[in-house]
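Here's the structure, in C-alpha cells; my notes come after.
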Amino acid sequence: MRTVLAREMGGCSVLGRIWGVWRRRPGVRAVPKAPGFGTEAGHRLRPRGSSKRSRPLGGQPFPGLLQLENLSREELVDVLRAAVVDQKGPLVTLNKPPGLPVTGKPGELTLFSVLPELSQSLGLGDQELQVVQASGKETSGLVLLSSCPQTASRLQKFFIYSRRAQRPTATYCAVTDGIPATSEGKIQAALKLEHVDGVDLVIPVKSPSRKDFQEGVKRTLSHFHVVAMGSGCALVQLQPLTVFPSQLQVHMVLQLCPVLGDHTYSARVGTVLGQRFLLPADSTKPQRQVPDEALLRHLCLTPSQAAQLPLHLHLHCLHLPGMRPGEAPMKLLAPLPSYFFRTLQCLGLHQQ
C-alpha cells in the first residue's frame, strides 16, 4: 500500500498565510483530537504485495532491512529517493526503514548527512531539505521534510502547541511481548537520560524533586490502545504527548510489555514463575531480547535469528493542520514494513 498525503500541500507562502489565520481563530487549539484512534488509524497497514499467509523464513529472516554499513552515500540517496511516498509543494514525505539514524557524529552516514544530495536528486535545486518530524534510528515510518524554512518552522511550532494542548499528532504501531493489563489508557513517567558505559540510557525517576527537574528530568506522557491480542503478544497503537528519547519503548517496559525487538530496555522486565516484574533500571544493562520458546515457535525463528529482531515500532500516522481555515486536518500514512506485517500474521494479530 502506498503512503498517502490526505490533502494536497500548497507553496510555502500559502501555508504561511493559513498558519497566521489558524493561530488567530478564537477558540482553536492546536489540532482536533486525531480521529480514528483505535479505528481508522489501525487500517491500511498492509504493505503492497503482502499475502494473507505468512511465508517460511529463508536465509534472511528479515528481508528489506537496511544494511547501512554496506551502503555508499550514493546508494543511500537512491534508497531514500525510492522511499519518497509524497512530494507536494515544499513538503516531502518518506517512509524511513529502521536502522537509519536521522543525525549522528560528523562523517557518519545519516539521513541529515545526505539531505543535500537527496534535494538535488528530487530536483529541488538550491532549496535544500530539512527535517520537520522523524522517527528514531531503530524506528521505521514517517519522516516529514520541507524545502521551505518558514514552512518547517511553522509546522514545528504546530507540533509544540499541540503537545502543550495535549492533542496527539503522531500515532505509532507497536508489537509488544506481553499484553497490557488494560485495553487503553495513559502512561506517565518522569524520565532522565544518563550516560552509562558509553551508552545513553533512559532511566525512570520515582517521585522526582524540584532539583531533579532542574537537572534534566522530564515528565512524559503517552496514550496507548490495544488493537489486537494473540499468542501472548499485542498490536498496540501509541500516541506520545511529550518528546523524550526512547519514550515509547520505556513506557511499554513500565507496562511489563516491552516492544518486540527492543534490545536496549526489554532486559528490565524479569519473570519468575510466569509473573513479570520490573528490575532496577539503573543497574540492569542492555542485552538482546530473548523471546520464550513459545514465542519463537510462533515467529518461526531460531534463537540466533531472534537476536536480530528489528524493533517493531512504526510511525504510522501524522496529523497536520488543514491548508485552509475550516478544513479538516491533513493525514499522512505509512504502511508497515514487510517483516512487521509478517509478525502480525505469525502471531495472529488480526486488526479489529
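Going by the C-alpha cells order, chains are called A, B, ..., each with residues numbered from 1, while ligands are numbered from 1 in the order shown.
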
Find the residues around A:Ser304 up to 10 Å (only C-alpha atoms counted), leave out those fewer than 4 positions away in its own chain, and share them as a list in words.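 Returned residues: Val290, Gln308 and Leu309 of chain A.
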
Go ahead and write the residues just picked, N, CA, C and O atoms, as a PDB file, in the first residue's frame.
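Everything below was put into out-v3.pdb:
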ATOM      1  N   VAL A 290      15.295 -11.803  24.581  1.00  0.00           N
ATOM      2  CA  VAL A 290      15.244 -13.261  24.462  1.00  0.00           C
ATOM      3  C   VAL A 290      13.782 -13.701  24.564  1.00  0.00           C
ATOM      4  O   VAL A 290      13.255 -13.874  25.673  1.00  0.00           O
ATOM      5  N   GLN A 308      18.390 -10.939  16.153  1.00  0.00           N
ATOM      6  CA  GLN A 308      18.447  -9.900  15.116  1.00  0.00           C
ATOM      7  C   GLN A 308      17.091  -9.244  14.901  1.00  0.00           C
ATOM      8  O   GLN A 308      16.929  -8.446  13.974  1.00  0.00           O
ATOM      9  N   LEU A 309      16.116  -9.568  15.733  1.00  0.00           N
ATOM     10  CA  LEU A 309      14.778  -8.999  15.566  1.00  0.00           C
ATOM     11  C   LEU A 309      14.842  -7.475  15.488  1.00  0.00           C
ATOM     12  O   LEU A 309      15.368  -6.828  16.397  1.00  0.00           O
TER      13      LEU A 309
END

Running DSSP on the backbone, which parts of stretch 104-230 of chain A land in strand (DSSP E), as an MDAnalysis selection string? chainID A and resid 130:134 140:146 170:177 184:196 199:205 218:230

Selected residue of minimal separation from A:Pro258 among A:Gln275, A:Gln289, A:Thr302, A:Gln237, counting only C-alpha atoms: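 Closest candidate: A:Gln289.
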
Considering only C-alpha atoms, return as a PyMOL selection string whatever protein or nucleic-acid residues lie within 12 Å of A:Ala294, sequence-local ones (same chain, fewer than 5 positions apart) excluded. chain A and resi 177+231-233+299-303+346-347

Please save all heavy atoms of the selected residues as an mmCIF file, in the first residue's frame.
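The resulting file, selection.cif, is shown below:
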data_model
loop_
_atom_site.group_PDB
_atom_site.id
_atom_site.type_symbol
_atom_site.label_atom_id
_atom_site.label_comp_id
_atom_site.auth_asym_id
_atom_site.auth_seq_id
_atom_site.Cartn_x
_atom_site.Cartn_y
_atom_site.Cartn_z
ATOM 1 N N ASP A 177 5.761 -7.750 23.438
ATOM 2 C CA ASP A 177 5.918 -9.068 24.046
ATOM 3 C C ASP A 177 5.199 -9.014 25.386
ATOM 4 O O ASP A 177 5.743 -8.550 26.382
ATOM 5 C CB ASP A 177 7.407 -9.386 24.226
ATOM 6 C CG ASP A 177 7.634 -10.740 24.869
ATOM 7 O OD1 ASP A 177 6.654 -11.460 25.129
ATOM 8 O OD2 ASP A 177 8.803 -11.085 25.135
ATOM 9 N N SER A 231 -1.277 -14.965 20.929
ATOM 10 C CA SER A 231 -0.006 -15.643 21.187
ATOM 11 C C SER A 231 0.813 -14.950 22.274
ATOM 12 O O SER A 231 2.044 -14.932 22.217
ATOM 13 C CB SER A 231 0.816 -15.752 19.892
ATOM 14 O OG SER A 231 0.069 -16.361 18.858
ATOM 15 N N GLY A 232 0.124 -14.358 23.240
ATOM 16 C CA GLY A 232 0.815 -13.678 24.328
ATOM 17 C C GLY A 232 1.401 -12.330 23.952
ATOM 18 O O GLY A 232 2.181 -11.760 24.722
ATOM 19 N N CYS A 233 1.039 -11.817 22.791
ATOM 20 C CA CYS A 233 1.543 -10.517 22.316
ATOM 21 C C CYS A 233 0.369 -9.614 21.974
ATOM 22 O O CYS A 233 -0.788 -10.036 21.996
ATOM 23 C CB CYS A 233 2.442 -10.701 21.088
ATOM 24 S SG CYS A 233 3.944 -11.659 21.404
ATOM 25 N N LEU A 299 6.841 -17.325 15.888
ATOM 26 C CA LEU A 299 7.540 -16.465 14.916
ATOM 27 C C LEU A 299 8.367 -17.266 13.923
ATOM 28 O O LEU A 299 8.916 -16.679 12.978
ATOM 29 C CB LEU A 299 8.446 -15.482 15.658
ATOM 30 C CG LEU A 299 7.744 -14.442 16.540
ATOM 31 C CD1 LEU A 299 8.766 -13.635 17.329
ATOM 32 C CD2 LEU A 299 6.883 -13.516 15.690
ATOM 33 N N CYS A 300 8.481 -18.577 14.146
ATOM 34 C CA CYS A 300 9.286 -19.441 13.273
ATOM 35 C C CYS A 300 10.731 -18.954 13.214
ATOM 36 O O CYS A 300 11.344 -18.888 12.136
ATOM 37 C CB CYS A 300 8.693 -19.516 11.866
ATOM 38 S SG CYS A 300 7.012 -20.148 11.814
ATOM 39 N N LEU A 301 11.281 -18.613 14.383
ATOM 40 C CA LEU A 301 12.639 -18.094 14.454
ATOM 41 C C LEU A 301 13.495 -18.986 15.330
ATOM 42 O O LEU A 301 13.010 -19.590 16.292
ATOM 43 C CB LEU A 301 12.654 -16.675 15.044
ATOM 44 C CG LEU A 301 11.978 -15.563 14.258
ATOM 45 C CD1 LEU A 301 12.030 -14.264 15.055
ATOM 46 C CD2 LEU A 301 12.618 -15.383 12.898
ATOM 47 N N THR A 302 14.788 -19.061 15.011
ATOM 48 C CA THR A 302 15.762 -19.675 15.901
ATOM 49 C C THR A 302 16.218 -18.623 16.902
ATOM 50 O O THR A 302 16.029 -17.417 16.674
ATOM 51 C CB THR A 302 16.969 -20.189 15.106
ATOM 52 O OG1 THR A 302 17.653 -19.057 14.539
ATOM 53 C CG2 THR A 302 16.539 -21.127 13.984
ATOM 54 N N PRO A 303 16.825 -19.022 18.023
ATOM 55 C CA PRO A 303 17.325 -18.018 18.976
ATOM 56 C C PRO A 303 18.309 -17.038 18.351
ATOM 57 O O PRO A 303 18.300 -15.850 18.675
ATOM 58 C CB PRO A 303 17.985 -18.876 20.058
ATOM 59 C CG PRO A 303 17.228 -20.170 20.023
ATOM 60 C CD PRO A 303 16.914 -20.391 18.571
ATOM 61 N N CYS A 346 2.080 -14.164 11.841
ATOM 62 C CA CYS A 346 2.565 -15.303 12.650
ATOM 63 C C CYS A 346 1.890 -15.351 14.015
ATOM 64 O O CYS A 346 1.621 -16.438 14.541
ATOM 65 C CB CYS A 346 4.087 -15.233 12.823
ATOM 66 S SG CYS A 346 5.034 -15.558 11.313
ATOM 67 N N LEU A 347 1.634 -14.181 14.596
ATOM 68 C CA LEU A 347 1.081 -14.114 15.951
ATOM 69 C C LEU A 347 -0.451 -14.083 15.967
ATOM 70 O O LEU A 347 -1.050 -14.080 17.035
ATOM 71 C CB LEU A 347 1.621 -12.877 16.670
ATOM 72 C CG LEU A 347 3.140 -12.841 16.892
ATOM 73 C CD1 LEU A 347 3.562 -11.530 17.540
ATOM 74 C CD2 LEU A 347 3.596 -14.019 17.743
#

Separating atom CA of A:Gln120 from atom CA of A:Gly104, to the nearest tenth of an Å, is a gap of 21.5 Å

Would you mind listing what lies within 6 Å of stretch 222-229 of chain A as a list in words, with only C-alpha atoms counted and same-chain residues fewer than 3 positions away left out?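 My list of contacting residues is Ser183, Glu184, Gly185, Lys186, Ile187, Cys233, Ala234, Leu235, Val236, Gln237, Leu238, Gln239, Pro240, Leu241, Leu349 and Gln351 of chain A.
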
Written file, previous selection with all heavy atoms, as a tab-separated table (two decimals), in the first residue's frame:
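After the write, result05.tsv holds the following:
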chain	number	residue	atom	x	y	z
A	183	SER	N	-7.04	-2.33	28.16
A	183	SER	CA	-7.08	-2.20	26.70
A	183	SER	C	-6.66	-0.83	26.22
A	183	SER	O	-6.26	-0.67	25.06
A	183	SER	CB	-8.48	-2.53	26.18
A	183	SER	OG	-9.43	-1.62	26.71
A	184	GLU	N	-6.74	0.17	27.08
A	184	GLU	CA	-6.28	1.50	26.71
A	184	GLU	C	-6.05	2.32	27.97
A	184	GLU	O	-6.50	1.96	29.06
A	184	GLU	CB	-7.29	2.21	25.80
A	184	GLU	CG	-8.64	2.43	26.42
A	184	GLU	CD	-9.61	3.08	25.45
A	184	GLU	OE1	-9.30	3.18	24.25
A	184	GLU	OE2	-10.68	3.50	25.91
A	185	GLY	N	-5.31	3.41	27.81
A	185	GLY	CA	-5.03	4.25	28.97
A	185	GLY	C	-3.88	5.19	28.72
A	185	GLY	O	-3.43	5.38	27.58
A	186	LYS	N	-3.40	5.81	29.79
A	186	LYS	CA	-2.28	6.74	29.73
A	186	LYS	C	-1.11	6.16	30.50
A	186	LYS	O	-1.28	5.46	31.50
A	186	LYS	CB	-2.66	8.10	30.33
A	186	LYS	CG	-3.73	8.85	29.56
A	186	LYS	CD	-4.02	10.19	30.23
A	186	LYS	CE	-5.06	10.98	29.46
A	186	LYS	NZ	-5.33	12.29	30.10
A	187	ILE	N	0.08	6.47	30.02
A	187	ILE	CA	1.31	6.09	30.72
A	187	ILE	C	2.05	7.38	31.05
A	187	ILE	O	2.39	8.16	30.15
A	187	ILE	CB	2.21	5.18	29.86
A	187	ILE	CG1	1.42	3.98	29.35
A	187	ILE	CG2	3.42	4.71	30.66
A	187	ILE	CD1	2.16	3.16	28.31
A	233	CYS	N	1.04	-11.82	22.79
A	233	CYS	CA	1.54	-10.52	22.32
A	233	CYS	C	0.37	-9.61	21.97
A	233	CYS	O	-0.79	-10.04	22.00
A	233	CYS	CB	2.44	-10.70	21.09
A	233	CYS	SG	3.94	-11.66	21.40
A	234	ALA	N	0.68	-8.37	21.65
A	234	ALA	CA	-0.38	-7.41	21.32
A	234	ALA	C	0.09	-6.46	20.23
A	234	ALA	O	1.28	-6.14	20.13
A	234	ALA	CB	-0.81	-6.63	22.55
A	235	LEU	N	-0.86	-6.05	19.41
A	235	LEU	CA	-0.66	-4.94	18.49
A	235	LEU	C	-1.23	-3.71	19.17
A	235	LEU	O	-2.41	-3.66	19.51
A	235	LEU	CB	-1.38	-5.19	17.16
A	235	LEU	CG	-1.42	-4.02	16.18
A	235	LEU	CD1	-0.01	-3.60	15.75
A	235	LEU	CD2	-2.26	-4.37	14.95
A	236	VAL	N	-0.36	-2.73	19.42
A	236	VAL	CA	-0.73	-1.56	20.22
A	236	VAL	C	-0.49	-0.29	19.43
A	236	VAL	O	0.53	-0.16	18.74
A	236	VAL	CB	0.10	-1.52	21.53
A	236	VAL	CG1	-0.31	-0.33	22.39
A	236	VAL	CG2	-0.07	-2.82	22.31
A	237	GLN	N	-1.44	0.62	19.52
A	237	GLN	CA	-1.24	1.95	18.96
A	237	GLN	C	-0.81	2.87	20.10
A	237	GLN	O	-1.39	2.85	21.18
A	237	GLN	CB	-2.53	2.48	18.32
A	237	GLN	CG	-2.88	1.77	17.01
A	237	GLN	CD	-4.13	2.32	16.38
A	237	GLN	OE1	-4.96	2.92	17.06
A	237	GLN	NE2	-4.30	2.11	15.09
A	238	LEU	N	0.21	3.68	19.82
A	238	LEU	CA	0.80	4.56	20.82
A	238	LEU	C	0.79	6.00	20.30
A	238	LEU	O	1.16	6.24	19.15
A	238	LEU	CB	2.23	4.14	21.14
A	238	LEU	CG	2.40	2.75	21.76
A	238	LEU	CD1	3.86	2.30	21.68
A	238	LEU	CD2	1.94	2.76	23.21
A	239	GLN	N	0.40	6.92	21.16
A	239	GLN	CA	0.40	8.33	20.81
A	239	GLN	C	1.16	9.11	21.88
A	239	GLN	O	0.63	9.35	22.97
A	239	GLN	CB	-1.03	8.86	20.68
A	239	GLN	CG	-1.79	8.28	19.50
A	239	GLN	CD	-3.17	8.89	19.33
A	239	GLN	OE1	-3.88	9.10	20.30
A	239	GLN	NE2	-3.56	9.17	18.10
A	240	PRO	N	2.40	9.49	21.60
A	240	PRO	CA	3.15	10.29	22.58
A	240	PRO	C	2.63	11.72	22.64
A	240	PRO	O	2.37	12.33	21.61
A	240	PRO	CB	4.57	10.24	22.02
A	240	PRO	CG	4.39	10.06	20.54
A	240	PRO	CD	3.16	9.22	20.38
A	241	LEU	N	2.51	12.23	23.85
A	241	LEU	CA	2.10	13.62	24.05
A	241	LEU	C	3.25	14.48	24.54
A	241	LEU	O	3.08	15.67	24.79
A	241	LEU	CB	0.94	13.67	25.05
A	241	LEU	CG	-0.35	13.04	24.54
A	241	LEU	CD1	-1.40	13.00	25.63
A	241	LEU	CD2	-0.88	13.79	23.34
A	349	LEU	N	-2.30	-11.61	15.04
A	349	LEU	CA	-2.75	-10.29	15.48
A	349	LEU	C	-3.53	-9.62	14.36
A	349	LEU	O	-3.07	-8.71	13.68
A	349	LEU	CB	-1.53	-9.42	15.89
A	349	LEU	CG	-0.76	-9.93	17.09
A	349	LEU	CD1	0.48	-9.06	17.34
A	349	LEU	CD2	-1.63	-9.95	18.33
A	351	GLN	N	-6.15	-7.25	12.76
A	351	GLN	CA	-6.68	-5.95	13.15
A	351	GLN	C	-8.19	-6.02	13.30
A	351	GLN	O	-8.88	-6.58	12.47
A	351	GLN	CB	-6.31	-4.91	12.11
A	351	GLN	CG	-4.79	-4.76	11.95
A	351	GLN	CD	-4.42	-4.28	10.58
A	351	GLN	OE1	-5.11	-3.44	10.05
A	351	GLN	NE2	-3.36	-4.81	10.01

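Taking atom CA of A:Gln133 and atom CA of A:Ala170 as the two end points, the separation is 9.8 Å.
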
Excluding same-chain residues fewer than 3 positions from A:Leu320, what lies within 8 Å of it counting only C-alpha atoms, as a list in words?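 Skipping anything fewer than 3 positions along the chain leaves Val31, Leu155, Thr169, Pro329, Met330 and Lys331 of chain A.
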
Contacts of A:Tyr265 at 9 Å or less, counting only C-alpha atoms, minus same-chain residues fewer than 2 places along, as an MDAnalysis selection string? chainID A and resid 201:202 249:250 253 258:259 262:263 267:269 281 284:287 289

Among stretch 272-302 of chain A, which residues does DSSP mark as alpha helix (DSSP H) when it is run on the backbone? Keep the chain and numbering as in the structure and answer as number ranges by chain. A: 293-299

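Nearest-residue note for A:Cys317: choosing from A:Val131, A:Ser140, A:Phe62, A:Ser246, the minimum distance belongs to A:Ser140, counting only C-alpha atoms.
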
For A:Leu100, the closest of A:Cys148, A:Val77, A:Leu66, A:Val85 counting only C-alpha atoms is A:Leu66

Tell me which protein, DNA and RNA residues are within 12 Å of A:Pro97, counting only C-alpha atoms, leaving out same-chain ones fewer than 4 positions away, and put them as a PyMOL selection string. chain A and resi 63-68+76+79-80+82-84+101-102+111+134-143+310-315+334-340

Dump N, CA and C atoms for the selected residues as a short mmCIF file (atom, residue, chain, number, x, y, z; two decimals), in the first residue's frame?
data_model
loop_
_atom_site.label_atom_id
_atom_site.label_comp_id
_atom_site.auth_asym_id
_atom_site.auth_seq_id
_atom_site.Cartn_x
_atom_site.Cartn_y
_atom_site.Cartn_z
N PRO A 63 13.82 -9.72 5.58
CA PRO A 63 14.13 -9.06 4.31
C PRO A 63 13.70 -7.61 4.31
N GLY A 64 14.48 -6.80 3.62
CA GLY A 64 14.15 -5.39 3.49
C GLY A 64 14.81 -4.50 4.52
N LEU A 65 15.52 -5.09 5.50
CA LEU A 65 16.21 -4.26 6.47
C LEU A 65 17.39 -3.54 5.82
N LEU A 66 17.65 -2.34 6.28
CA LEU A 66 18.72 -1.53 5.73
C LEU A 66 20.07 -1.95 6.31
N GLN A 67 20.99 -2.36 5.46
CA GLN A 67 22.35 -2.70 5.88
C GLN A 67 23.22 -1.46 5.66
N LEU A 68 23.16 -0.54 6.61
CA LEU A 68 23.77 0.77 6.43
C LEU A 68 25.27 0.69 6.23
N LEU A 76 22.62 5.24 -0.50
CA LEU A 76 21.65 5.67 0.49
C LEU A 76 20.68 6.69 -0.10
N VAL A 79 18.17 4.81 -1.98
CA VAL A 79 17.22 4.18 -1.08
C VAL A 79 16.18 5.19 -0.61
N LEU A 80 16.63 6.37 -0.23
CA LEU A 80 15.71 7.38 0.28
C LEU A 80 14.80 7.92 -0.82
N ALA A 82 13.75 6.23 -3.32
CA ALA A 82 12.74 5.19 -3.52
C ALA A 82 11.72 5.17 -2.38
N ALA A 83 12.12 5.69 -1.21
CA ALA A 83 11.23 5.70 -0.05
C ALA A 83 10.31 6.92 -0.02
N VAL A 84 10.47 7.85 -0.98
CA VAL A 84 9.60 9.01 -1.04
C VAL A 84 8.20 8.55 -1.42
N PRO A 101 19.85 6.33 11.23
CA PRO A 101 19.78 7.46 12.17
C PRO A 101 19.47 8.75 11.42
N VAL A 102 18.75 9.63 12.09
CA VAL A 102 18.44 10.93 11.49
C VAL A 102 19.66 11.84 11.55
N LEU A 111 20.55 10.30 7.73
CA LEU A 111 19.59 10.99 6.88
C LEU A 111 20.01 12.44 6.68
N ALA A 134 10.53 13.28 12.46
CA ALA A 134 11.12 12.00 12.09
C ALA A 134 11.08 11.04 13.26
N SER A 135 11.04 9.75 12.94
CA SER A 135 11.14 8.72 13.96
C SER A 135 12.61 8.46 14.27
N GLY A 136 12.88 7.74 15.38
CA GLY A 136 14.25 7.48 15.80
C GLY A 136 14.96 6.48 14.92
N LYS A 137 16.22 6.22 15.23
CA LYS A 137 17.07 5.37 14.40
C LYS A 137 16.45 4.00 14.17
N GLU A 138 16.09 3.30 15.23
CA GLU A 138 15.60 1.93 15.09
C GLU A 138 14.13 1.86 14.75
N THR A 139 13.46 3.00 14.74
CA THR A 139 12.03 3.05 14.43
C THR A 139 11.82 3.26 12.94
N SER A 140 10.87 2.56 12.38
CA SER A 140 10.52 2.76 10.97
C SER A 140 9.37 3.75 10.88
N GLY A 141 9.10 4.21 9.66
CA GLY A 141 7.92 5.02 9.45
C GLY A 141 8.17 6.42 8.93
N LEU A 142 7.21 7.28 9.16
CA LEU A 142 7.15 8.59 8.51
C LEU A 142 8.29 9.52 8.88
N VAL A 143 8.79 10.19 7.86
CA VAL A 143 9.71 11.32 8.02
C VAL A 143 9.16 12.46 7.19
N PRO A 310 14.30 -6.88 14.44
CA PRO A 310 14.23 -5.41 14.39
C PRO A 310 13.15 -4.90 15.34
N LEU A 311 13.30 -3.67 15.76
CA LEU A 311 12.33 -3.05 16.64
C LEU A 311 10.99 -2.92 15.92
N HIS A 312 9.95 -3.49 16.52
CA HIS A 312 8.62 -3.44 15.92
C HIS A 312 7.87 -2.21 16.43
N LEU A 313 8.38 -1.04 16.03
CA LEU A 313 7.79 0.24 16.38
C LEU A 313 7.81 1.11 15.12
N HIS A 314 6.63 1.51 14.65
CA HIS A 314 6.49 2.13 13.34
C HIS A 314 5.63 3.39 13.45
N LEU A 315 6.19 4.52 13.00
CA LEU A 315 5.43 5.77 12.96
C LEU A 315 4.48 5.70 11.76
N ALA A 334 1.76 5.77 6.56
CA ALA A 334 2.86 4.94 6.05
C ALA A 334 2.54 3.48 6.34
N PRO A 335 2.64 2.61 5.33
CA PRO A 335 2.39 1.18 5.55
C PRO A 335 3.49 0.54 6.38
N LEU A 336 3.17 -0.59 6.97
CA LEU A 336 4.14 -1.31 7.79
C LEU A 336 5.22 -1.95 6.93
N PRO A 337 6.43 -2.11 7.47
CA PRO A 337 7.46 -2.90 6.78
C PRO A 337 6.99 -4.35 6.64
N SER A 338 7.53 -5.05 5.67
CA SER A 338 7.08 -6.42 5.40
C SER A 338 7.34 -7.35 6.58
N TYR A 339 8.49 -7.18 7.29
CA TYR A 339 8.77 -8.06 8.42
C TYR A 339 7.77 -7.82 9.56
N PHE A 340 7.32 -6.57 9.71
CA PHE A 340 6.35 -6.22 10.75
C PHE A 340 5.02 -6.92 10.45
#

Point-to-point distance in Å for atom CA of A:Phe213 and atom CA of A:Leu256: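 Distance between the two atoms: 25.6 Å.
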